[in-house]
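To be precise, the following lines are protein-v1.cif, and they hold mmCIF, C-alpha atoms.
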```cif
data_run
loop_
_atom_site.group_PDB
_atom_site.id
_atom_site.type_symbol
_atom_site.label_atom_id
_atom_site.label_comp_id
_atom_site.auth_asym_id
_atom_site.auth_seq_id
_atom_site.Cartn_x
_atom_site.Cartn_y
_atom_site.Cartn_z
ATOM 1 C CA MET J 1 83.950 -7.818 12.237
ATOM 2 C CA ASN J 2 83.568 -7.430 16.027
ATOM 3 C CA ASN J 3 80.750 -8.791 18.118
ATOM 4 C CA ARG J 4 78.871 -5.469 18.151
ATOM 5 C CA GLN J 5 78.887 -5.275 14.348
ATOM 6 C CA LYS J 6 77.819 -8.914 14.065
ATOM 7 C CA GLY J 7 74.901 -8.214 16.425
ATOM 8 C CA ARG J 8 73.735 -5.271 14.331
ATOM 9 C CA THR J 9 73.954 -7.360 11.190
ATOM 10 C CA LEU J 10 71.929 -10.187 12.772
ATOM 11 C CA LEU J 11 69.293 -7.749 14.058
ATOM 12 C CA LYS J 12 68.926 -6.124 10.649
ATOM 13 C CA THR J 13 68.685 -9.483 8.910
ATOM 14 C CA SER J 14 66.163 -10.945 11.359
ATOM 15 C CA SER J 15 63.853 -7.900 11.101
ATOM 16 C CA HIS J 16 62.999 -8.510 7.443
ATOM 17 C CA PRO J 17 60.606 -11.479 8.045
ATOM 18 C CA LEU J 18 58.827 -9.524 10.786
ATOM 19 C CA LEU J 19 58.294 -6.581 8.446
ATOM 20 C CA ILE J 20 56.982 -8.913 5.761
ATOM 21 C CA VAL J 21 54.492 -10.510 8.200
ATOM 22 C CA ARG J 22 53.352 -7.106 9.386
ATOM 23 C CA SER J 23 52.862 -5.973 5.787
ATOM 24 C CA ILE J 24 50.827 -9.068 4.964
ATOM 25 C CA ILE J 25 48.605 -8.568 8.038
ATOM 26 C CA ALA J 26 48.094 -4.883 7.207
ATOM 27 C CA LEU J 27 47.220 -5.684 3.601
ATOM 28 C CA THR J 28 44.800 -8.403 4.685
ATOM 29 C CA LEU J 29 43.015 -6.096 7.148
ATOM 30 C CA THR J 30 42.766 -3.357 4.512
ATOM 31 C CA THR J 31 41.254 -5.821 2.031
ATOM 32 C CA LEU J 32 38.704 -7.035 4.601
ATOM 33 C CA VAL J 33 37.636 -3.474 5.375
ATOM 34 C CA LEU J 34 37.187 -2.668 1.683
ATOM 35 C CA VAL J 35 35.164 -5.840 1.100
ATOM 36 C CA ALA J 36 32.952 -5.082 4.117
ATOM 37 C CA CYS J 37 32.291 -1.531 2.959
ATOM 38 C CA GLY J 38 31.537 -2.704 -0.548
ATOM 39 C CA GLY J 39 29.078 -5.290 0.774
ATOM 40 C CA ASN J 40 27.129 -2.670 2.729
ATOM 41 C CA MET J 41 26.568 -0.620 -0.410
ATOM 42 C CA ILE J 42 24.984 -3.487 -2.331
ATOM 43 C CA VAL J 43 21.242 -3.714 -1.526
ATOM 44 C CA PRO J 44 19.355 -6.524 -3.285
ATOM 45 C CA PRO J 45 16.061 -5.494 -4.886
ATOM 46 C CA THR J 46 14.216 -8.104 -2.785
ATOM 47 C CA SER J 47 15.424 -6.416 0.396
ATOM 48 C CA GLU J 48 14.284 -3.008 -0.840
ATOM 49 C CA ALA J 49 10.829 -4.370 -1.690
ATOM 50 C CA ALA J 50 10.492 -6.103 1.677
ATOM 51 C CA ALA J 51 11.286 -2.881 3.525
ATOM 52 C CA THR J 52 8.917 -0.690 1.507
ATOM 53 C CA SER J 53 5.248 -0.334 2.427
ATOM 54 C CA PRO J 54 2.512 0.079 -0.245
ATOM 55 C CA HIS J 55 2.038 3.675 0.874
ATOM 56 C CA GLN J 56 5.749 4.440 0.451
ATOM 57 C CA MET J 57 5.812 2.671 -2.909
ATOM 58 C CA ALA J 58 2.868 4.692 -4.191
ATOM 59 C CA ASN J 59 4.591 7.939 -3.243
ATOM 60 C CA SER J 60 8.115 7.011 -4.369
ATOM 61 C CA SER J 61 9.382 8.586 -7.578
ATOM 62 C CA ASN J 62 11.691 5.595 -8.014
ATOM 63 C CA VAL J 63 8.840 3.106 -8.296
ATOM 64 C CA LYS J 64 6.781 2.883 -11.466
ATOM 65 C CA GLY J 65 3.088 2.289 -10.889
ATOM 66 C CA TYR J 66 -0.315 2.471 -12.506
ATOM 67 C CA PRO J 67 -2.144 5.826 -12.674
ATOM 68 C CA ILE J 68 -5.626 5.660 -11.164
ATOM 69 C CA LYS J 69 -8.249 8.065 -9.876
ATOM 70 C CA VAL J 70 -10.119 8.137 -6.587
ATOM 71 C CA TYR J 71 -13.486 9.882 -6.571
ATOM 72 C CA PHE J 72 -14.255 11.897 -3.448
ATOM 73 C CA SER J 73 -17.216 13.996 -2.464
ATOM 74 C CA LYS J 74 -16.556 17.711 -2.146
ATOM 75 C CA PHE J 75 -17.938 20.538 -0.063
ATOM 76 C CA PRO J 76 -20.180 22.359 -0.805
ATOM 77 C CA GLU J 77 -21.235 20.673 -4.068
ATOM 78 C CA SER J 78 -21.876 17.199 -2.629
ATOM 79 C CA GLU J 79 -23.816 18.541 0.347
ATOM 80 C CA THR J 80 -26.941 19.047 -1.762
ATOM 81 C CA LYS J 81 -26.120 16.989 -4.876
ATOM 82 C CA PHE J 82 -25.294 13.676 -3.253
ATOM 83 C CA ASP J 83 -24.020 11.964 -6.399
ATOM 84 C CA ALA J 84 -21.529 14.744 -7.189
ATOM 85 C CA VAL J 85 -18.015 13.264 -6.954
ATOM 86 C CA PHE J 86 -14.655 14.610 -8.054
ATOM 87 C CA PRO J 87 -11.526 12.689 -9.130
ATOM 88 C CA VAL J 88 -8.046 13.044 -7.670
ATOM 89 C CA ASP J 89 -4.981 11.386 -9.156
ATOM 90 C CA ARG J 90 -3.185 8.526 -7.442
ATOM 91 C CA VAL J 91 -0.666 5.820 -8.411
ATOM 92 C CA SER J 92 -1.171 2.141 -7.616
ATOM 93 C CA PRO J 93 2.020 0.108 -7.025
ATOM 94 C CA THR J 94 0.128 -3.086 -7.822
ATOM 95 C CA LEU J 95 -1.940 -4.459 -10.698
ATOM 96 C CA GLY J 96 -4.798 -4.841 -8.208
ATOM 97 C CA VAL J 97 -5.849 -1.308 -9.106
ATOM 98 C CA ALA J 98 -9.514 -1.648 -8.137
ATOM 99 C CA ASN J 99 -8.710 -2.923 -4.648
ATOM 100 C CA PHE J 100 -6.059 -0.264 -4.166
ATOM 101 C CA ALA J 101 -8.401 2.513 -5.332
ATOM 102 C CA LEU J 102 -11.052 1.441 -2.791
ATOM 103 C CA GLN J 103 -8.441 1.322 -0.037
ATOM 104 C CA LEU J 104 -7.455 4.895 -0.861
ATOM 105 C CA LEU J 105 -11.119 5.924 -0.914
ATOM 106 C CA ILE J 106 -11.472 4.588 2.640
ATOM 107 C CA ALA J 107 -8.215 6.273 3.675
ATOM 108 C CA GLY J 108 -9.649 9.585 2.503
ATOM 109 C CA PRO J 109 -8.121 12.671 0.906
ATOM 110 C CA THR J 110 -4.788 14.232 1.816
ATOM 111 C CA THR J 111 -4.583 17.227 4.150
ATOM 112 C CA GLU J 112 -4.273 19.572 1.193
ATOM 113 C CA GLU J 113 -7.278 17.984 -0.501
ATOM 114 C CA ARG J 114 -9.355 18.211 2.699
ATOM 115 C CA ASN J 115 -8.478 21.882 2.914
ATOM 116 C CA ALA J 116 -9.806 22.226 -0.628
ATOM 117 C CA GLY J 117 -13.138 20.658 0.403
ATOM 118 C CA TYR J 118 -12.693 17.004 -0.593
ATOM 119 C CA PHE J 119 -13.998 14.329 1.790
ATOM 120 C CA SER J 120 -14.882 10.632 1.878
ATOM 121 C CA GLU J 121 -17.933 9.342 3.725
ATOM 122 C CA LEU J 122 -16.234 5.923 3.865
ATOM 123 C CA ASN J 123 -13.481 7.387 6.001
ATOM 124 C CA SER J 124 -15.610 7.303 9.138
ATOM 125 C CA ILE J 125 -18.540 4.880 8.793
ATOM 126 C CA LEU J 126 -16.696 1.560 9.215
ATOM 127 C CA THR J 127 -16.645 0.337 12.800
ATOM 128 C CA GLY J 128 -15.819 -2.769 14.830
ATOM 129 C CA PRO J 129 -13.702 -5.806 13.950
ATOM 130 C CA SER J 130 -13.457 -7.300 10.487
ATOM 131 C CA THR J 131 -15.598 -10.345 9.768
ATOM 132 C CA CYS J 132 -13.168 -11.270 6.981
ATOM 133 C CA SER J 133 -10.329 -12.025 9.396
ATOM 134 C CA ALA J 134 -9.208 -15.430 8.080
ATOM 135 C CA PRO J 135 -6.382 -15.971 7.278
ATOM 136 C CA TYR J 136 -5.293 -12.728 8.979
ATOM 137 C CA PRO J 137 -4.272 -13.445 12.605
ATOM 138 C CA THR J 138 -4.545 -9.853 13.890
ATOM 139 C CA GLY J 139 -7.469 -8.470 11.935
ATOM 140 C CA GLY J 140 -8.829 -8.475 8.451
ATOM 141 C CA PRO J 141 -9.606 -6.180 5.532
ATOM 142 C CA ASP J 142 -12.308 -3.524 5.429
ATOM 143 C CA PHE J 143 -13.944 -5.055 2.369
ATOM 144 C CA LYS J 144 -13.822 -7.822 -0.212
ATOM 145 C CA LEU J 145 -14.074 -7.132 -3.919
ATOM 146 C CA ALA J 146 -15.315 -9.776 -6.360
ATOM 147 C CA LEU J 147 -15.148 -9.108 -10.095
ATOM 148 C CA ASN J 148 -17.713 -10.485 -12.533
ATOM 149 C CA MET J 149 -19.967 -11.340 -9.608
ATOM 150 C CA LYS J 150 -23.399 -10.066 -8.592
ATOM 151 C CA GLY J 151 -23.417 -11.145 -4.996
ATOM 152 C CA ALA J 152 -22.882 -14.909 -5.163
ATOM 153 C CA THR J 153 -23.962 -15.141 -8.817
ATOM 154 C CA GLU J 154 -21.630 -14.828 -11.781
ATOM 155 C CA GLU J 155 -22.342 -11.784 -13.928
ATOM 156 C CA GLN J 156 -19.841 -10.403 -16.396
ATOM 157 C CA GLY J 157 -19.000 -6.749 -15.937
ATOM 158 C CA THR J 158 -20.430 -6.542 -12.409
ATOM 159 C CA ALA J 159 -18.249 -5.958 -9.344
ATOM 160 C CA THR J 160 -19.466 -6.753 -5.844
ATOM 161 C CA VAL J 161 -18.082 -4.881 -2.847
ATOM 162 C CA ARG J 162 -18.878 -6.493 0.485
ATOM 163 C CA PHE J 163 -17.934 -4.644 3.650
ATOM 164 C CA CYS J 164 -16.173 -6.714 6.289
ATOM 165 C CA ARG J 165 -16.956 -4.310 9.133
ATOM 166 C CA ALA J 166 -20.157 -2.804 10.458
ATOM 167 C CA THR J 167 -21.300 0.452 8.870
ATOM 168 C CA SER J 168 -22.606 3.352 10.914
ATOM 169 C CA SER J 169 -24.091 5.885 8.514
ATOM 170 C CA PRO J 170 -25.452 9.255 9.673
ATOM 171 C CA GLY J 171 -28.257 9.278 7.099
ATOM 172 C CA ILE J 172 -29.485 8.873 3.544
ATOM 173 C CA GLY J 173 -27.290 11.688 2.250
ATOM 174 C CA ALA J 174 -24.151 9.933 3.476
ATOM 175 C CA ASP J 175 -25.399 6.620 2.066
ATOM 176 C CA ALA J 176 -25.944 8.179 -1.338
ATOM 177 C CA ARG J 177 -22.513 9.815 -1.312
ATOM 178 C CA ILE J 178 -20.873 6.499 -0.376
ATOM 179 C CA GLN J 179 -22.583 4.759 -3.273
ATOM 180 C CA ALA J 180 -21.575 7.533 -5.666
ATOM 181 C CA GLU J 181 -17.938 7.482 -4.499
ATOM 182 C CA ILE J 182 -17.626 3.695 -4.845
ATOM 183 C CA ASN J 183 -19.442 3.539 -8.175
ATOM 184 C CA ALA J 184 -17.345 6.247 -9.803
ATOM 185 C CA THR J 185 -14.066 4.904 -8.394
ATOM 186 C CA LEU J 186 -14.716 1.379 -9.678
ATOM 187 C CA LYS J 187 -16.363 2.251 -12.996
ATOM 188 C CA GLN J 188 -13.242 4.080 -14.164
ATOM 189 C CA PHE J 189 -11.966 0.590 -15.032
ATOM 190 C CA PRO J 190 -13.303 -0.596 -18.424
ATOM 191 C CA ASN J 191 -14.176 -4.117 -17.260
ATOM 192 C CA ILE J 192 -16.506 -2.840 -14.498
ATOM 193 C CA LYS J 193 -19.888 -1.741 -15.815
ATOM 194 C CA LYS J 194 -22.020 -2.218 -12.707
ATOM 195 C CA VAL J 195 -21.342 -2.170 -8.952
ATOM 196 C CA VAL J 196 -23.169 -3.979 -6.156
ATOM 197 C CA ILE J 197 -22.487 -2.893 -2.561
ATOM 198 C CA LEU J 198 -23.269 -5.229 0.323
ATOM 199 C CA ASP J 199 -23.008 -4.825 4.080
ATOM 200 C CA LYS J 200 -21.049 -7.271 6.246
ATOM 201 C CA ASP J 201 -24.066 -9.604 6.455
ATOM 202 C CA GLY J 202 -24.432 -9.804 2.665
ATOM 203 C CA HIS J 203 -27.461 -7.524 2.387
ATOM 204 C CA CYS J 204 -27.704 -4.604 -0.016
ATOM 205 C CA PHE J 205 -26.095 -1.517 1.484
ATOM 206 C CA ALA J 206 -28.532 1.279 2.395
ATOM 207 C CA ASP J 207 -31.548 -0.747 1.224
ATOM 208 C CA GLY J 208 -34.271 0.115 3.697
ATOM 209 C CA SER J 209 -36.788 -2.114 1.968
ATOM 210 C CA GLY J 210 -35.203 -5.290 3.288
ATOM 211 C CA GLN J 211 -35.719 -6.883 -0.147
ATOM 212 C CA ASP J 212 -32.056 -6.784 -1.291
ATOM 213 C CA ARG J 213 -33.081 -5.098 -4.507
ATOM 214 C CA CYS J 214 -29.463 -4.639 -5.645
ATOM 215 C CA LEU J 215 -29.273 -8.428 -6.076
ATOM 216 C CA LYS J 216 -32.426 -8.751 -8.171
#
```
What does the file become when written as structure tokens?
Amino acid sequence: MNNRQKGRTLLKTSSHPLLIVRSIIALTLTTLVLVACGGNMIVPPTSEAAATSPHQMANSSNVKGYPIKVYFSKFPESETKFDAVFPVDRVSPTLGVANFALQLLIAGPTTEERNAGYFSELNSILTGPSTCSAPYPTGGPDFKLALNMKGATEEQGTATVRFCRATSSPGIGADARIQAEINATLKQFPNIKKVVILDKDGHCFADGSGQDRCLK
């Protein structure tokens, strides 16, 4: 064997370890890519819940909820018959169905429902900052709901709604519609037989007498 043949033999022999190393590196990189892709496709349920708002949850077909109704006023019926209210179907993503129903009553009807005449007086009468801010650092809720309470007194079957913001009502018709909307929305739940509505200062809502007759 001459020197040229020996050189070729040495080159061929020495190339095998290099090919093996290259193969190992390529296999390792391929495995890492597959693991990374697989990891991106796995989404923990806790992450999905953290990224989903109550509004999205209520409108998601993938999330099971609790059927409820929200009672709105409707034009023209409620213009002259103030206590005339009409139910629309909603789904609560939480067991706090009464709170959620009131929140949706304040939010008002959908565009399609408004076009059909539905409206909520609560949608526009609440003004100013919330007086129920603690422990919320950037604002508080529109109302507080207490079950089995008549104001500050325990009373089974009575729910007390206390607004946390000032109310600016255009008149007695609007006041009556607000009371009818809240009463019907809350009394759909079997454990609520009576509803007391208070303003942000704890006085009976729309009680011009100044005697807080709803608390008597």
Convert the output of the PyMOL selection byres ((chain J and resi 128) around 9) on the shown file into explicit residues, formatted as a list of chain:residue names. J:Leu126, J:Thr127, J:Pro129, J:Ser130, J:Arg165, J:Ala166, J:Thr167
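With all atoms listed in the file as the basis for measurement, J:Glu155 is the residue among J:Asp83, J:Asp175, J:Glu155, J:Asp212 that approaches Val195 of chain J most closely.
With all atoms listed in the file as the atoms that count, the minimum distance from Gly157 of chain J to the choices J:Thr111, J:Asn191, J:Ser169, J:Gln211 is reached by J:Asn191.
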Excluding Arg114 of chain J and residues on its chain fewer than 6 positions from it, collect all residues at most 12 Å away from it, counting only C-alpha atoms, and give them as JSON, numbers by chain. {"J": [72, 73, 74, 75, 88, 108, 120]}
Resolved residues for the PyMOL selection byres ((chain J and resi 205) around 10) as a PyMOL selection string: chain J and resi 161-163+167+175+178-179+196-204+206-208+212-214
Nearest to Gly117 of chain J among J:Ala146, J:Val85, J:Val91, J:Leu105, with distances taken over all atoms listed in the file: which residue is it? J:Val85
Can you spell out as an mmCIF file with C-alpha atoms, in the frame of the given file the set of residues that the PyMOL selection byres ((chain J and resi 94) around 10) selects in the structure I just provided?
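That gives us expr22.cif:
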```cif
data_model
loop_
_atom_site.group_PDB
_atom_site.id
_atom_site.type_symbol
_atom_site.label_atom_id
_atom_site.label_comp_id
_atom_site.auth_asym_id
_atom_site.auth_seq_id
_atom_site.Cartn_x
_atom_site.Cartn_y
_atom_site.Cartn_z
ATOM 1 C CA PRO J 54 2.512 0.079 -0.245
ATOM 2 C CA MET J 57 5.812 2.671 -2.909
ATOM 3 C CA ALA J 58 2.868 4.692 -4.191
ATOM 4 C CA LYS J 64 6.781 2.883 -11.466
ATOM 5 C CA GLY J 65 3.088 2.289 -10.889
ATOM 6 C CA TYR J 66 -0.315 2.471 -12.506
ATOM 7 C CA VAL J 91 -0.666 5.820 -8.411
ATOM 8 C CA SER J 92 -1.171 2.141 -7.616
ATOM 9 C CA PRO J 93 2.020 0.108 -7.025
ATOM 10 C CA LEU J 95 -1.940 -4.459 -10.698
ATOM 11 C CA GLY J 96 -4.798 -4.841 -8.208
ATOM 12 C CA VAL J 97 -5.849 -1.308 -9.106
ATOM 13 C CA ALA J 98 -9.514 -1.648 -8.137
ATOM 14 C CA ASN J 99 -8.710 -2.923 -4.648
ATOM 15 C CA PHE J 100 -6.059 -0.264 -4.166
#
```
Using only C-alpha atoms, can you tell me which of J:Thr153, J:Asn183, J:Thr158, J:Ser168 comes closest to Ala101 of chain J? J:Asn183
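Note that the spacing between atom CA of Thr110 of chain J and atom CA of Ile192 of chain J amounts to 26.4 Å.
Atom CA of Arg177 of chain J lies 12.8 Å from atom CA of Pro76 of chain J.
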What does the distance from atom CA of Cys164 of chain J to atom CA of Asp142 of chain J come to in Å, to one decimal? 5.1 Å
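If all atoms listed in the file are the atoms counted, then among J:Ala107, J:Leu145, J:Ile172, J:Ile182 the closest residue to Glu79 of chain J is J:Ile172.
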Centre and edge lengths of an axis-aligned box around all listed atoms of segment 93-97 of chain J, with 4 Å added on each side, are to be given in Å to one decimal, as lines of an AutoDock Vina configuration file.
```
center_x = -1.9
center_y = -2.4
center_z = -8.9
size_x = 15.9
size_y = 12.9
size_z = 11.7
```
Starting from the incomplete input, reconstruct N, CA and C atoms of segment 120-152 of chain J and write that as a short mmCIF file (atom, residue, chain, number, x, y, z; two decimals), keeping the file's coordinate frame.
```cif
data_model
loop_
_atom_site.label_atom_id
_atom_site.label_comp_id
_atom_site.auth_asym_id
_atom_site.auth_seq_id
_atom_site.Cartn_x
_atom_site.Cartn_y
_atom_site.Cartn_z
N SER J 120 -14.38 11.98 2.18
CA SER J 120 -14.88 10.63 1.88
C SER J 120 -15.78 10.18 3.02
N GLU J 121 -17.02 9.84 2.70
CA GLU J 121 -17.93 9.34 3.72
C GLU J 121 -17.44 8.00 4.27
N LEU J 122 -16.73 7.24 3.43
CA LEU J 122 -16.23 5.92 3.86
C LEU J 122 -15.16 6.03 4.93
N ASN J 123 -14.58 7.19 5.06
CA ASN J 123 -13.48 7.39 6.00
C ASN J 123 -13.89 7.21 7.45
N SER J 124 -15.20 7.32 7.73
CA SER J 124 -15.61 7.30 9.14
C SER J 124 -16.76 6.35 9.47
N ILE J 125 -17.35 5.68 8.48
CA ILE J 125 -18.54 4.88 8.79
C ILE J 125 -18.23 3.43 9.20
N LEU J 126 -17.02 2.95 8.90
CA LEU J 126 -16.70 1.56 9.22
C LEU J 126 -16.27 1.43 10.67
N THR J 127 -16.93 0.50 11.38
CA THR J 127 -16.64 0.34 12.80
C THR J 127 -16.51 -1.15 13.15
N GLY J 128 -15.90 -1.41 14.31
CA GLY J 128 -15.82 -2.77 14.83
C GLY J 128 -14.80 -3.63 14.10
N PRO J 129 -14.68 -4.88 14.55
CA PRO J 129 -13.70 -5.81 13.95
C PRO J 129 -14.14 -6.29 12.57
N SER J 130 -13.17 -6.77 11.81
CA SER J 130 -13.46 -7.30 10.49
C SER J 130 -14.01 -8.72 10.59
N THR J 131 -15.05 -8.99 9.82
CA THR J 131 -15.60 -10.34 9.77
C THR J 131 -14.90 -11.18 8.71
N CYS J 132 -13.94 -10.57 8.02
CA CYS J 132 -13.17 -11.27 6.98
C CYS J 132 -11.76 -11.52 7.50
N SER J 133 -11.65 -11.94 8.75
CA SER J 133 -10.33 -12.02 9.40
C SER J 133 -9.46 -13.15 8.86
N ALA J 134 -10.03 -14.32 8.56
CA ALA J 134 -9.21 -15.43 8.08
C ALA J 134 -8.67 -15.10 6.68
N PRO J 135 -7.40 -15.37 6.41
CA PRO J 135 -6.38 -15.97 7.28
C PRO J 135 -5.52 -14.96 8.00
N TYR J 136 -6.07 -13.78 8.33
CA TYR J 136 -5.29 -12.73 8.98
C TYR J 136 -5.38 -12.91 10.50
N PRO J 137 -4.24 -13.13 11.17
CA PRO J 137 -4.27 -13.44 12.60
C PRO J 137 -4.60 -12.26 13.50
N THR J 138 -4.34 -11.02 13.03
CA THR J 138 -4.54 -9.85 13.89
C THR J 138 -5.56 -8.88 13.32
N GLY J 139 -6.48 -9.36 12.53
CA GLY J 139 -7.47 -8.47 11.94
C GLY J 139 -7.57 -8.71 10.45
N GLY J 140 -8.62 -8.22 9.86
CA GLY J 140 -8.83 -8.48 8.45
C GLY J 140 -9.08 -7.21 7.67
N PRO J 141 -9.39 -7.34 6.40
CA PRO J 141 -9.61 -6.18 5.53
C PRO J 141 -10.93 -5.48 5.82
N ASP J 142 -11.07 -4.28 5.28
CA ASP J 142 -12.31 -3.52 5.43
C ASP J 142 -13.39 -4.01 4.46
N PHE J 143 -12.97 -4.63 3.38
CA PHE J 143 -13.94 -5.06 2.37
C PHE J 143 -13.36 -6.20 1.55
N LYS J 144 -14.24 -6.85 0.79
CA LYS J 144 -13.82 -7.82 -0.21
C LYS J 144 -14.43 -7.42 -1.54
N LEU J 145 -13.63 -7.52 -2.58
CA LEU J 145 -14.07 -7.13 -3.92
C LEU J 145 -14.07 -8.36 -4.82
N ALA J 146 -15.19 -8.64 -5.44
CA ALA J 146 -15.32 -9.78 -6.36
C ALA J 146 -15.70 -9.25 -7.74
N LEU J 147 -14.87 -9.55 -8.72
CA LEU J 147 -15.15 -9.11 -10.10
C LEU J 147 -16.00 -10.14 -10.82
N ASN J 148 -16.81 -9.64 -11.74
CA ASN J 148 -17.71 -10.48 -12.53
C ASN J 148 -18.64 -11.31 -11.64
N MET J 149 -19.05 -10.70 -10.54
CA MET J 149 -19.97 -11.34 -9.61
C MET J 149 -21.04 -10.35 -9.18
N LYS J 150 -22.29 -10.83 -9.16
CA LYS J 150 -23.40 -10.07 -8.59
C LYS J 150 -23.82 -10.80 -7.33
N GLY J 151 -23.25 -10.38 -6.22
CA GLY J 151 -23.42 -11.14 -5.00
C GLY J 151 -22.71 -12.47 -5.14
N ALA J 152 -23.46 -13.57 -5.02
CA ALA J 152 -22.88 -14.91 -5.16
C ALA J 152 -23.10 -15.48 -6.56
#
```
